[in-house]
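**Q** Quick one: this structure, given as structure tokens, is what I'll be asking you about.
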Amino acid sequence: MFDLLDSLDTQQRGVALHDGQRLRVLAGAGTGKTTALTGRAAYLVTARNITPDRILLLTFTRRAARQMVSRTETLIGRVQKDQAHSGARARIVGGTFHSVAHGALRRYAAPLGLAEGFGVIDPSDAADLIDVIRNSFLQDKALQRRLPRKSTLLDIYCRAVDTATTVSEVVVEVAPWATKHAPAISDICREYVRKKRELGVLDFDDLLLYWREALSHPVVGRQIASDYDHVLVDEYQDVNTLQVDVLKLLTNQGQCLTVVGDDAQAIYSFRASSPDHILNFNSDFPEASTLALTTNYRSTQPILDVANALGSEAEVGFSTKLTVSPSNCAPATKPRLVRCADEDGQSDSVCERVLELREQGIALREQAVLVRAAHHSDRLEIELTRRGIPFVKYGGLKYLEAAHVKDLLAAFRLADNPRDELSWFRIFQLLSGVGPAKARTAISRLEIASDGSLPPLEPSNLPARWAQATKDFGPAAQSSADVLLAAILPQAGERLVTHAERLRLAVAPLIESNYQDAAARLTDLEALVQASTSAARLSEVAAEHALEPPSGTSDLAGPPVIDEDYMVISTVHSAKGLEWDAVHVIHAADGNFPSDMALSDAAGLEEERRLFYVALTRARRSLDVYVPLRFHVNRHARDDRNVWAQPSRFLTGAVAPLVDEVTHMRPDDFGVAVIKPIDTAITVDAQLNGLWQ
DNA sequence: CACGCTTATATTTTT
DNA sequence: TATAAGCGTG
């Protein structure tokens, strides 16, 4: 007979059984945070008779959400099987803040004054929209040189919104060289917001802003919040003020709130997150209880020693030291600090070590290379490919990968919302002989921003404006435009999948004529049509897809087949919450890790430290930190310029006795190899740092 | 005006 | 590498 509580340790059981309205759990790395949280959810359902769908589980990534929901349901299933429980099983509601916000906004669109078919734009769409505005500004004033590029502009906008800071302040921080353009940038932001409203689309930030607004609504807010009795939040150290507001509103009628997190792993300040929210939980949620999880089940003692040593040098936080689980019987070897001559030496060294560990029985699947920035693994990837070591890479921003997917999704959005000018702009340019200029005139003739002489654009009056809008297109483009129009217009009584399929058929020929590798792309489109079987609207399919972050890419070694053994390369950010038997942290050199981008203030350095801590604590039994003594200045090195590297400032004297130092040198590297960096350099750096304000 | 070509240039982290 | 901007051709 399965006893849920028996599967938890004393501390975790305390979390599961806790009987107060507000609970904060401070859970160190590897202490079974997920176990405790899913244990609590399962306990609430099976012992307290809470209906599963009245429990809301909030996370920051889809992966975490899926994992939590499925683990909870497995637990519930095991308990209920023993209790001979019968009947249909309700589901736990779980998702990222953004996807749950999206769901709520769809459900309550009408009372919130949102168009039913509102679109959701992902950051690349948002950047495109900003680019349109940016271009119009470039025309207006010839003096606009060095206006930030679209992605920087979007960055500035998001930062201002997330931190509730004025644009001019953000510009000084993010793009100091463009300070003189701050007023223009403010105008661009204002125009961006106006444009989004006009087009009937929301960006990622809007989802949260609107959700908060919806929850503040005296009637609607109450109703949304009353859907849940318990709200459980994972990775609470990553919330920002906006998300705290949302949680307050979700639980201000007596609903229970449980948050779990570790201030030592707060690594998202660039998204306006702050560990202060978990540290000062009681000021947001008075009379909260606090429990701590301190037994680490993941790593061996020597690995925890290094992590603790790193933490003990932090200016703030890291209040709890991790203690190793007495049940951990993995062989405890010291982590290695591997000095390599340069980046290629580092790649060699990693490859050899990976294979060596595999010989010792640690499969590739159980090994990961962690990097501070996605491009840090570029050279390693080449070497892995050369040696035929398969891998997948997670993290790094790769949106453009699936242009064809975005094309069909644009058509999906238009079917629900013909005011979505951004989608028209995309779709029109697929037609032969239609570029930005013709697309723009066609859009202007659709009279989306109706001046009052025409009714607002909607599917019913689209055909009437079509011929006029597309009259500048060539004959071929005109006829494919007509095909598109027919596909976009809904047919009475038709199933959603049928409509999706009609759109796919209309878009497919355009994909074929616009991309070389059309065959592979076309199968992706079929998958999208399938995705619409379970949806309520096409714009919802598009939105869900936008919210699904681009996961891994593995183009170099070829896509690993299921069950095949492959290694993982991941950014530290994307690795959070994961663990491997063997972890390789590369580029542990000052400037790379910690990143020199983050060193302008003390808070930045502290966050880099936490990031390093996250990296180290992913390892179960083998940890290797690599320090190349030289690395290239330019990422896409045309030249061979490289600089001498200081080992990461986190590898201090306190760490040294806790690691085995290894020097990995090829014969021709001798001479440069054995120069051991001296501490004065660190002091000098610190002195100089005062200058970079 | 579209489109293909060349050149300069700037690169963290992600929902 | 990938983006932006500029140029020449059709």
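In the structure tokens, each chain is lettered A, B, ... as it comes, each chain's residues begin at 1, and ligands are numbered from 1 in order of appearance.
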Compute the chain C side of the contact with chain A at 9 Å, counting only C-alpha atoms (C1' of nucleotides), and hand it back as an mmCIF file with N, CA and C atoms (P, O5', C5', C4', C3', O3' and C1' of nucleotides), in the first residue's frame.
**A**
```cif
data_model
loop_
_atom_site.group_PDB
_atom_site.id
_atom_site.type_symbol
_atom_site.label_atom_id
_atom_site.label_comp_id
_atom_site.auth_asym_id
_atom_site.auth_seq_id
_atom_site.Cartn_x
_atom_site.Cartn_y
_atom_site.Cartn_z
ATOM 1 P P DT C 1 28.291 30.820 -39.189
ATOM 2 O "O5'" DT C 1 27.724 31.807 -38.046
ATOM 3 C "C5'" DT C 1 26.981 31.514 -36.893
ATOM 4 C "C4'" DT C 1 26.018 32.683 -36.716
ATOM 5 C "C3'" DT C 1 25.297 32.975 -38.014
ATOM 6 O "O3'" DT C 1 23.987 32.465 -38.022
ATOM 7 C "C1'" DT C 1 26.178 34.975 -37.008
ATOM 8 P P DT C 3 18.734 38.001 -37.491
ATOM 9 O "O5'" DT C 3 19.694 39.270 -37.338
ATOM 10 C "C5'" DT C 3 19.305 40.342 -36.509
ATOM 11 C "C4'" DT C 3 19.893 41.582 -37.089
ATOM 12 C "C3'" DT C 3 18.949 42.238 -38.092
ATOM 13 O "O3'" DT C 3 18.575 43.437 -37.488
ATOM 14 C "C1'" DT C 3 21.197 42.292 -38.835
ATOM 15 P P DA C 4 17.497 44.403 -38.158
ATOM 16 O "O5'" DA C 4 18.439 45.505 -38.801
ATOM 17 C "C5'" DA C 4 19.365 46.184 -37.966
ATOM 18 C "C4'" DA C 4 20.189 47.103 -38.827
ATOM 19 C "C3'" DA C 4 19.373 47.934 -39.815
ATOM 20 O "O3'" DA C 4 19.843 49.262 -39.781
ATOM 21 C "C1'" DA C 4 21.036 46.718 -40.956
#
```
**Q** Glu343 in chain A: which residues within 7 Å, counting only C-alpha atoms (C1' of nucleotides), same-chain residues fewer than 3 positions away excluded, as a list in words?
**A**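 Near neighbours after the sequence-gap exclusion: Gln346, Ser347, Pro628, Arg630 and Phe631 of chain A.
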**Q** Only N, CA and C atoms, please: the residues just picked out, written as a PDB file, in the first residue's frame.
**A**
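Printed below is part.pdb as written:
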```pdb
ATOM      1  N   GLN A 346      40.192  23.696 -24.279  1.00  0.00           N
ATOM      2  CA  GLN A 346      39.030  23.437 -23.448  1.00  0.00           C
ATOM      3  C   GLN A 346      38.087  22.437 -24.116  1.00  0.00           C
ATOM      4  N   SER A 347      37.855  22.639 -25.418  1.00  0.00           N
ATOM      5  CA  SER A 347      36.975  21.712 -26.138  1.00  0.00           C
ATOM      6  C   SER A 347      37.532  20.297 -26.105  1.00  0.00           C
ATOM      7  N   PRO A 628      39.746  28.319 -19.586  1.00  0.00           N
ATOM      8  CA  PRO A 628      40.707  28.543 -20.665  1.00  0.00           C
ATOM      9  C   PRO A 628      41.562  29.763 -20.308  1.00  0.00           C
ATOM     10  N   ARG A 630      43.250  31.597 -22.303  1.00  0.00           N
ATOM     11  CA  ARG A 630      43.093  32.627 -23.324  1.00  0.00           C
ATOM     12  C   ARG A 630      41.742  32.397 -23.973  1.00  0.00           C
ATOM     13  N   PHE A 631      41.074  33.447 -24.354  1.00  0.00           N
ATOM     14  CA  PHE A 631      39.881  33.230 -25.176  1.00  0.00           C
ATOM     15  C   PHE A 631      39.746  34.338 -26.191  1.00  0.00           C
TER      16      PHE A 631
END
```
**Q** Find the residue from A:Asp122, A:Ala374, A:Leu23, A:Val69 that sits nearest to DT11 in chain B; use only C-alpha atoms (C1' of nucleotides) when measuring.
**A** A:Ala374
**Q** Name the residues of range 53-83 of chain A that come out as helix (DSSP H, G or I) in a backbone DSSP run; write them as a PyMOL selection string.
**A** chain A and resi 53-54+62-82
**Q** Restrict the selected residues to C-alpha atoms and save them as an mmCIF file, in the first residue's frame.
**A**
```cif
data_model
loop_
_atom_site.group_PDB
_atom_site.id
_atom_site.type_symbol
_atom_site.label_atom_id
_atom_site.label_comp_id
_atom_site.auth_asym_id
_atom_site.auth_seq_id
_atom_site.Cartn_x
_atom_site.Cartn_y
_atom_site.Cartn_z
ATOM 1 C CA ASP A 53 -9.045 21.602 -10.548
ATOM 2 C CA ARG A 54 -9.285 23.984 -7.608
ATOM 3 C CA ARG A 62 6.455 25.050 -19.437
ATOM 4 C CA ARG A 63 8.805 22.225 -18.679
ATOM 5 C CA ALA A 64 8.455 22.740 -14.940
ATOM 6 C CA ALA A 65 4.696 23.058 -15.246
ATOM 7 C CA ARG A 66 4.353 19.816 -17.171
ATOM 8 C CA GLN A 67 6.639 18.015 -14.781
ATOM 9 C CA MET A 68 4.785 19.206 -11.694
ATOM 10 C CA VAL A 69 1.344 18.460 -13.041
ATOM 11 C CA SER A 70 2.247 14.984 -14.183
ATOM 12 C CA ARG A 71 4.098 14.115 -10.977
ATOM 13 C CA THR A 72 1.193 15.304 -8.886
ATOM 14 C CA GLU A 73 -1.263 13.306 -10.904
ATOM 15 C CA THR A 74 0.871 10.210 -10.658
ATOM 16 C CA LEU A 75 0.962 10.595 -6.897
ATOM 17 C CA ILE A 76 -2.770 11.119 -6.707
ATOM 18 C CA GLY A 77 -3.284 8.121 -8.935
ATOM 19 C CA ARG A 78 -1.167 5.885 -6.723
ATOM 20 C CA VAL A 79 -2.991 6.908 -3.570
ATOM 21 C CA GLN A 80 -6.421 6.629 -5.079
ATOM 22 C CA LYS A 81 -5.713 3.261 -6.614
ATOM 23 C CA ASP A 82 -5.122 1.952 -3.115
#
```
**Q** So which residues of range 173-315 of chain A fall under strand (DSSP E) by DSSP, listed as a PyMOL selection string?
**A** chain A and resi 201-203+230-233+256-261+289-293+295-296
**Q** For chain A, which residues have at least one atom within 10 Å of chain B, if we go by only C-alpha atoms (C1' of nucleotides)? Write them as a count of residues only, please.
**A** 46
**Q** List the neighbours of Ala309 in chain A out to 7 Å using only C-alpha atoms (C1' of nucleotides); skip same-chain residues closer than 3 positions along the sequence, and give me the result as a list in words.
**A**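 My list of contacting residues is Asp305, Val306, Ser312, Glu313, Ala654 and Val655 of chain A.
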**Q** To one decimal place, how far is CA of Pro331 in chain A from CA of Arg387 in chain A in Å?
**A**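 Straight-line distance from CA of Pro331 in chain A to CA of Arg387 in chain A works out to 28.9 Å.
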**Q** What gap, in Å, lies between CA of Arg413 in chain A and CA of Ala543 in chain A?
**A**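 Interatomic distance, CA of Arg413 in chain A to CA of Ala543 in chain A: 8.6 Å.
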**Q** Do you have the CA of Arg197 in chain A-CA of Ser136 in chain A distance handy?
**A** 18.4 Å
